[in-house]
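Colleague: Hey, dropping work-v8.cif in here, mmCIF, C-alpha atoms:
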data_input
loop_
_atom_site.group_PDB
_atom_site.id
_atom_site.type_symbol
_atom_site.label_atom_id
_atom_site.label_comp_id
_atom_site.auth_asym_id
_atom_site.auth_seq_id
_atom_site.Cartn_x
_atom_site.Cartn_y
_atom_site.Cartn_z
ATOM 1 C CA GLY A 1 -15.789 -18.433 118.566
ATOM 2 C CA GLU A 2 -17.416 -18.909 115.195
ATOM 3 C CA ASN A 3 -17.669 -15.914 112.858
ATOM 4 C CA VAL A 4 -20.177 -15.965 110.005
ATOM 5 C CA GLU A 5 -20.248 -13.356 107.248
ATOM 6 C CA GLN A 6 -23.192 -13.142 104.863
ATOM 7 C CA HIS A 7 -23.414 -11.309 101.527
ATOM 8 C CA PRO A 8 -25.114 -9.415 100.096
ATOM 9 C CA SER A 9 -27.130 -7.601 102.764
ATOM 10 C CA THR A 10 -29.806 -6.685 100.201
ATOM 11 C CA LEU A 11 -30.685 -8.347 96.898
ATOM 12 C CA SER A 12 -33.319 -7.424 94.338
ATOM 13 C CA VAL A 13 -34.170 -9.738 91.444
ATOM 14 C CA GLN A 14 -36.840 -9.876 88.770
ATOM 15 C CA GLU A 15 -39.492 -12.533 89.149
ATOM 16 C CA GLY A 16 -38.305 -15.715 87.452
ATOM 17 C CA ASP A 17 -34.612 -14.914 87.848
ATOM 18 C CA SER A 18 -32.242 -16.728 90.207
ATOM 19 C CA ALA A 19 -30.935 -15.444 93.529
ATOM 20 C CA VAL A 20 -27.674 -16.432 95.217
ATOM 21 C CA ILE A 21 -26.692 -15.629 98.801
ATOM 22 C CA LYS A 22 -23.257 -16.488 100.157
ATOM 23 C CA CYS A 23 -21.855 -17.126 103.620
ATOM 24 C CA THR A 24 -18.348 -17.733 104.923
ATOM 25 C CA TYR A 25 -17.498 -19.245 108.287
ATOM 26 C CA SER A 26 -14.366 -19.409 110.411
ATOM 27 C CA ASP A 27 -14.574 -22.567 112.553
ATOM 28 C CA SER A 28 -13.402 -25.657 110.672
ATOM 29 C CA ALA A 29 -15.155 -27.818 113.307
ATOM 30 C CA SER A 30 -18.599 -26.561 112.214
ATOM 31 C CA ASN A 31 -20.631 -29.417 110.773
ATOM 32 C CA TYR A 32 -24.139 -28.059 110.268
ATOM 33 C CA PHE A 33 -25.198 -25.265 107.894
ATOM 34 C CA PRO A 34 -28.893 -24.305 107.792
ATOM 35 C CA TRP A 35 -30.701 -21.552 105.932
ATOM 36 C CA TYR A 36 -33.688 -19.790 107.443
ATOM 37 C CA LYS A 37 -36.346 -17.566 105.898
ATOM 38 C CA GLN A 38 -37.898 -14.875 108.061
ATOM 39 C CA GLU A 39 -40.888 -12.852 106.959
ATOM 40 C CA LEU A 40 -41.574 -9.509 108.623
ATOM 41 C CA GLY A 41 -42.691 -9.983 112.222
ATOM 42 C CA LYS A 42 -42.513 -13.777 112.001
ATOM 43 C CA ARG A 43 -40.239 -16.468 113.398
ATOM 44 C CA PRO A 44 -37.334 -17.874 111.347
ATOM 45 C CA GLN A 45 -38.371 -20.935 109.357
ATOM 46 C CA LEU A 46 -35.899 -23.587 108.211
ATOM 47 C CA ILE A 47 -35.907 -23.888 104.420
ATOM 48 C CA ILE A 48 -32.922 -26.146 103.817
ATOM 49 C CA ASP A 49 -29.846 -27.407 105.640
ATOM 50 C CA ILE A 50 -26.665 -29.267 104.809
ATOM 51 C CA ARG A 51 -24.179 -31.216 106.871
ATOM 52 C CA SER A 52 -20.413 -31.198 106.473
ATOM 53 C CA ASN A 53 -20.254 -34.633 104.820
ATOM 54 C CA VAL A 54 -22.378 -33.439 101.878
ATOM 55 C CA GLY A 55 -21.366 -30.977 99.146
ATOM 56 C CA GLU A 56 -24.753 -30.095 97.709
ATOM 57 C CA LYS A 57 -28.427 -30.508 98.539
ATOM 58 C CA LYS A 58 -31.488 -29.581 96.534
ATOM 59 C CA ASP A 59 -35.171 -29.229 97.355
ATOM 60 C CA GLN A 60 -37.316 -28.138 94.412
ATOM 61 C CA ARG A 61 -36.322 -24.513 93.623
ATOM 62 C CA ILE A 62 -33.854 -24.248 96.518
ATOM 63 C CA ALA A 63 -30.323 -25.610 96.655
ATOM 64 C CA VAL A 64 -27.373 -25.219 99.012
ATOM 65 C CA THR A 65 -23.718 -25.866 98.179
ATOM 66 C CA LEU A 66 -20.891 -26.276 100.670
ATOM 67 C CA ASN A 67 -17.149 -25.863 100.106
ATOM 68 C CA LYS A 68 -15.461 -27.054 103.301
ATOM 69 C CA THR A 69 -11.959 -26.275 102.071
ATOM 70 C CA ALA A 70 -12.803 -22.635 101.415
ATOM 71 C CA LYS A 71 -15.226 -22.493 104.371
ATOM 72 C CA HIS A 72 -18.127 -21.080 102.422
ATOM 73 C CA PHE A 73 -21.627 -22.143 101.514
ATOM 74 C CA SER A 74 -24.312 -20.653 99.304
ATOM 75 C CA LEU A 75 -28.084 -20.609 98.929
ATOM 76 C CA HIS A 76 -29.481 -20.750 95.389
ATOM 77 C CA ILE A 77 -33.121 -19.964 94.643
ATOM 78 C CA THR A 78 -34.249 -20.514 91.057
ATOM 79 C CA GLU A 79 -37.398 -19.235 89.310
ATOM 80 C CA THR A 80 -37.974 -16.690 92.069
ATOM 81 C CA GLN A 81 -41.526 -15.700 92.969
ATOM 82 C CA PRO A 82 -42.874 -12.666 94.893
ATOM 83 C CA GLU A 83 -43.545 -14.902 97.918
ATOM 84 C CA ASP A 84 -39.796 -15.574 98.132
ATOM 85 C CA SER A 85 -39.373 -11.963 99.319
ATOM 86 C CA ALA A 86 -38.095 -12.136 102.925
ATOM 87 C CA VAL A 87 -34.925 -11.969 105.003
ATOM 88 C CA TYR A 88 -32.709 -15.038 104.676
ATOM 89 C CA PHE A 89 -30.212 -16.068 107.362
ATOM 90 C CA CYS A 90 -27.413 -18.587 107.115
ATOM 91 C CA GLY A 91 -26.152 -20.484 110.143
ATOM 92 C CA SER A 92 -22.950 -22.329 110.934
ATOM 93 C CA GLY A 93 -22.045 -24.530 113.870
ATOM 94 C CA SER A 94 -23.191 -27.713 115.504
ATOM 95 C CA ALA A 95 -25.904 -29.021 117.784
ATOM 96 C CA ARG A 96 -24.307 -27.245 120.726
ATOM 97 C CA GLN A 97 -24.066 -23.770 119.181
ATOM 98 C CA LEU A 98 -25.235 -22.157 115.970
ATOM 99 C CA THR A 99 -23.954 -18.769 114.814
ATOM 100 C CA PHE A 100 -26.063 -16.819 112.343
ATOM 101 C CA GLY A 101 -25.127 -14.418 109.600
ATOM 102 C CA SER A 102 -26.521 -10.887 109.617
ATOM 103 C CA GLY A 103 -29.171 -11.635 107.016
ATOM 104 C CA THR A 104 -30.025 -10.830 103.385
ATOM 105 C CA GLN A 105 -33.166 -8.901 102.472
ATOM 106 C CA LEU A 106 -34.365 -10.503 99.229
ATOM 107 C CA THR A 107 -36.914 -8.592 97.172
ATOM 108 C CA VAL A 108 -38.481 -10.257 94.140
ATOM 109 C CA LEU A 109 -39.834 -7.629 91.760
ATOM 110 C CA PRO A 110 -42.962 -8.583 89.750
ATOM 111 C CA ASN B 1 -48.272 -30.831 118.928
ATOM 112 C CA ALA B 2 -47.767 -27.098 119.569
ATOM 113 C CA GLY B 3 -43.991 -27.032 118.872
ATOM 114 C CA VAL B 4 -42.175 -24.229 120.733
ATOM 115 C CA THR B 5 -44.440 -21.866 122.669
ATOM 116 C CA GLN B 6 -43.283 -18.508 124.010
ATOM 117 C CA THR B 7 -45.094 -16.148 126.357
ATOM 118 C CA PRO B 8 -45.705 -13.260 126.492
ATOM 119 C CA LYS B 9 -45.739 -12.074 122.854
ATOM 120 C CA PHE B 10 -45.218 -8.431 123.792
ATOM 121 C CA ARG B 11 -44.047 -6.667 126.935
ATOM 122 C CA ILE B 12 -43.020 -3.169 127.946
ATOM 123 C CA LEU B 13 -40.714 -2.902 130.962
ATOM 124 C CA LYS B 14 -39.443 0.087 132.845
ATOM 125 C CA ILE B 15 -35.699 0.418 133.473
ATOM 126 C CA GLY B 16 -34.731 -1.648 136.519
ATOM 127 C CA GLN B 17 -37.745 -3.963 136.424
ATOM 128 C CA SER B 18 -37.400 -7.718 136.119
ATOM 129 C CA MET B 19 -39.327 -10.337 134.158
ATOM 130 C CA THR B 20 -39.257 -13.928 133.009
ATOM 131 C CA LEU B 21 -39.788 -14.959 129.404
ATOM 132 C CA GLN B 22 -41.361 -18.386 129.219
ATOM 133 C CA CYS B 23 -40.505 -21.091 126.674
ATOM 134 C CA THR B 24 -42.051 -24.557 126.453
ATOM 135 C CA GLN B 25 -41.639 -27.282 123.842
ATOM 136 C CA ASP B 26 -43.646 -30.479 123.468
ATOM 137 C CA MET B 27 -41.460 -32.255 120.894
ATOM 138 C CA ASN B 28 -39.261 -34.035 123.461
ATOM 139 C CA HIS B 29 -36.263 -32.051 122.207
ATOM 140 C CA ASN B 30 -33.268 -32.151 124.537
ATOM 141 C CA TYR B 31 -31.374 -29.022 123.389
ATOM 142 C CA MET B 32 -32.922 -25.589 123.918
ATOM 143 C CA TYR B 33 -31.692 -22.070 123.146
ATOM 144 C CA TRP B 34 -32.431 -18.404 123.710
ATOM 145 C CA TYR B 35 -31.562 -15.904 120.976
ATOM 146 C CA ARG B 36 -32.113 -12.167 120.719
ATOM 147 C CA GLN B 37 -32.646 -10.319 117.459
ATOM 148 C CA ASP B 38 -32.087 -6.586 117.314
ATOM 149 C CA PRO B 39 -33.781 -4.600 114.490
ATOM 150 C CA GLY B 40 -32.280 -5.392 111.106
ATOM 151 C CA MET B 41 -29.758 -7.767 112.623
ATOM 152 C CA GLY B 42 -29.129 -11.483 112.893
ATOM 153 C CA LEU B 43 -29.723 -13.711 115.875
ATOM 154 C CA LYS B 44 -27.335 -13.670 118.828
ATOM 155 C CA LEU B 45 -27.158 -16.633 121.218
ATOM 156 C CA ILE B 46 -27.800 -15.720 124.864
ATOM 157 C CA TYR B 47 -27.876 -19.101 126.659
ATOM 158 C CA TYR B 48 -28.386 -22.712 125.739
ATOM 159 C CA SER B 49 -29.090 -26.027 127.468
ATOM 160 C CA VAL B 50 -28.275 -29.565 126.362
ATOM 161 C CA GLY B 51 -30.598 -31.164 128.904
ATOM 162 C CA ALA B 52 -32.390 -30.733 132.202
ATOM 163 C CA GLY B 53 -30.073 -29.288 134.841
ATOM 164 C CA ILE B 54 -27.417 -28.194 132.319
ATOM 165 C CA THR B 55 -27.062 -24.633 131.008
ATOM 166 C CA ASP B 56 -24.257 -22.713 129.340
ATOM 167 C CA LYS B 57 -23.525 -19.179 128.189
ATOM 168 C CA GLY B 58 -23.721 -18.101 124.595
ATOM 169 C CA GLU B 59 -22.363 -15.004 122.896
ATOM 170 C CA VAL B 60 -24.326 -12.322 124.838
ATOM 171 C CA PRO B 61 -25.272 -13.662 128.326
ATOM 172 C CA ASN B 62 -24.761 -10.513 130.419
ATOM 173 C CA GLY B 63 -27.951 -9.298 132.110
ATOM 174 C CA TYR B 64 -29.754 -12.640 131.710
ATOM 175 C CA ASN B 65 -30.178 -15.879 133.622
ATOM 176 C CA VAL B 66 -31.699 -19.226 132.722
ATOM 177 C CA SER B 67 -32.707 -22.475 134.353
ATOM 178 C CA ARG B 68 -33.702 -25.883 132.971
ATOM 179 C CA SER B 69 -35.494 -27.938 135.587
ATOM 180 C CA THR B 70 -37.484 -30.000 133.061
ATOM 181 C CA THR B 71 -36.971 -31.143 129.467
ATOM 182 C CA GLU B 72 -39.943 -29.073 128.316
ATOM 183 C CA ASP B 73 -39.280 -25.661 129.903
ATOM 184 C CA PHE B 74 -36.439 -23.169 129.492
ATOM 185 C CA PRO B 75 -37.317 -19.763 131.037
ATOM 186 C CA LEU B 76 -35.151 -16.681 130.500
ATOM 187 C CA ARG B 77 -34.879 -14.222 133.381
ATOM 188 C CA LEU B 78 -34.060 -10.526 132.938
ATOM 189 C CA GLU B 79 -32.895 -8.789 136.090
ATOM 190 C CA LEU B 80 -32.671 -4.984 136.245
ATOM 191 C CA ALA B 81 -33.878 -4.354 132.691
ATOM 192 C CA ALA B 82 -31.901 -1.836 130.610
ATOM 193 C CA PRO B 83 -32.773 -0.091 127.292
ATOM 194 C CA SER B 84 -30.041 -2.177 125.613
ATOM 195 C CA GLN B 85 -32.209 -5.254 126.231
ATOM 196 C CA THR B 86 -34.928 -3.928 123.940
ATOM 197 C CA SER B 87 -35.118 -6.682 121.336
ATOM 198 C CA VAL B 88 -37.097 -9.622 120.014
ATOM 199 C CA TYR B 89 -36.325 -12.809 121.905
ATOM 200 C CA PHE B 90 -36.612 -16.215 120.266
ATOM 201 C CA CYS B 91 -36.528 -19.586 121.965
ATOM 202 C CA ALA B 92 -35.532 -22.621 119.882
ATOM 203 C CA SER B 93 -35.099 -26.352 120.339
ATOM 204 C CA ILE B 94 -33.644 -29.401 118.588
ATOM 205 C CA LEU B 95 -33.212 -33.120 119.128
ATOM 206 C CA ALA B 96 -29.535 -34.047 119.204
ATOM 207 C CA THR B 97 -27.198 -36.729 120.525
ATOM 208 C CA GLY B 98 -23.452 -36.404 120.910
ATOM 209 C CA GLY B 99 -23.350 -33.342 118.668
ATOM 210 C CA LEU B 100 -25.429 -34.994 115.926
ATOM 211 C CA LEU B 101 -28.629 -33.150 115.065
ATOM 212 C CA TYR B 102 -31.732 -35.207 114.334
ATOM 213 C CA SER B 103 -33.809 -32.156 113.454
ATOM 214 C CA GLY B 104 -33.410 -28.558 112.382
ATOM 215 C CA TYR B 105 -33.796 -25.774 114.922
ATOM 216 C CA THR B 106 -37.482 -25.070 115.629
ATOM 217 C CA PHE B 107 -38.146 -21.502 116.748
ATOM 218 C CA GLY B 108 -40.935 -20.082 118.872
ATOM 219 C CA SER B 109 -42.944 -17.084 117.657
ATOM 220 C CA GLY B 110 -40.881 -14.638 119.693
ATOM 221 C CA THR B 111 -41.329 -12.116 122.501
ATOM 222 C CA ARG B 112 -41.042 -8.447 121.579
ATOM 223 C CA LEU B 113 -39.603 -6.612 124.596
ATOM 224 C CA THR B 114 -39.288 -2.858 124.963
ATOM 225 C CA VAL B 115 -37.450 -1.317 127.933
ATOM 226 C CA VAL B 116 -38.286 2.336 128.572
#
Produce structure tokens that represent the structure in this file.

Modeller:
Amino acid sequence: GENVEQHPSTLSVQEGDSAVIKCTYSDSASNYFPWYKQELGKRPQLIIDIRSNVGEKKDQRIAVTLNKTAKHFSLHITETQPEDSAVYFCGSGSARQLTFGSGTQLTVLP
Amino acid sequence: NAGVTQTPKFRILKIGQSMTLQCTQDMNHNYMYWYRQDPGMGLKLIYYSVGAGITDKGEVPNGYNVSRSTTEDFPLRLELAAPSQTSVYFCASILATGGLLYSGYTFGSGTRLTVV
């Protein structure tokens, strides 16, 4: 089955700096790569996703890049704010099954 | 439009007891999923369904059962609860056709289960 590795497991940045979280996947058939934000005690919320026919997608301060050849994709958050502090999960797979990474605890220091 | 609704929000079970976690969605999504999330960990897929009457195992199905008699409902049954099933359980749904997603996964608010 699909194997997803996510790095780093924890990340601290100063407010206003950028944050980058990376994921690698194993199944070349995977065609859908979402990123979820989960605040403590809450449900995961989709923040951005990308499909395998697209190399990059941006939504305001958030961007995702996908390298299908190397089987890795990354989440970029620019101009970080304290409210960006949360656990971020990447996912890889398809409509039928989605495998998640183990999560990154992002802390934005004021 | 309530989205994905899970009940109960919290439950404490004794070892060997059984229970059903309820999940209902009102978005006319055809695919539904059950995940578990252990403390400090990612989400593991337990079971999924691509439509009424169709279910399939995910990564960690042992100790669980599911059914999908309607498009809206996807209950998860725990038989003979064990401490290893202490976790937060999330139900999710999407709209998809032939492997093509028309929406991102929408998650319910979760059920926090403790087995003692």

Colleague: Given the file shown, determine the residues that the PyMOL selection byres ((chain A) within 10 of (chain B)) selects; report them as number ranges by chain.

Modeller: A: 1-2, 31-36, 41-49, 51, 87-91, 94-105

Colleague: With the file shown as input, list the residues that the PyMOL selection byres ((chain B and resi 84) around 10) selects, as a PDB file with C-alpha atoms, keeping the file's coordinate frame.

Modeller:
ATOM      1  CA  ASP B  38     -32.087  -6.586 117.314  1.00  0.00           C
ATOM      2  CA  GLY B  63     -27.951  -9.298 132.110  1.00  0.00           C
ATOM      3  CA  ALA B  81     -33.878  -4.354 132.691  1.00  0.00           C
ATOM      4  CA  ALA B  82     -31.901  -1.836 130.610  1.00  0.00           C
ATOM      5  CA  PRO B  83     -32.773  -0.091 127.292  1.00  0.00           C
ATOM      6  CA  GLN B  85     -32.209  -5.254 126.231  1.00  0.00           C
ATOM      7  CA  THR B  86     -34.928  -3.928 123.940  1.00  0.00           C
ATOM      8  CA  SER B  87     -35.118  -6.682 121.336  1.00  0.00           C
ATOM      9  CA  THR B 114     -39.288  -2.858 124.963  1.00  0.00           C
ATOM     10  CA  VAL B 115     -37.450  -1.317 127.933  1.00  0.00           C
ATOM     11  CA  VAL B 116     -38.286   2.336 128.572  1.00  0.00           C
TER      12      VAL B 116
END

Colleague: In Å, with one decimal, what is the gap from CA of Pro110 (chain A) to CA of Asp84 (chain A)?

Modeller: 11.4 Å

Colleague: Restricting the calculation to only C-alpha atoms: of A:Thr78, A:Val4, A:Lys22, A:Gly93, which residue gets closest to Ser52 (chain A)?

Modeller: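 Under the stated criterion, the closest residue is A:Gly93.
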
Colleague: Between A:Asn3, A:Thr24, A:Thr80, A:Thr10, which residue has the minimum interatomic distance to Arg61 (chain A), considering all atoms listed in the file?

Modeller: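 Of all the options, A:Thr80 lies closest to Arg61 (chain A).
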
Colleague: Identify which of the residues A:Gly16, A:Leu66, A:Ser85, A:Ser92 lies closest to Gln38 (chain A), counting all atoms listed in the file when measuring atom-to-atom distances.

Modeller: A:Ser85
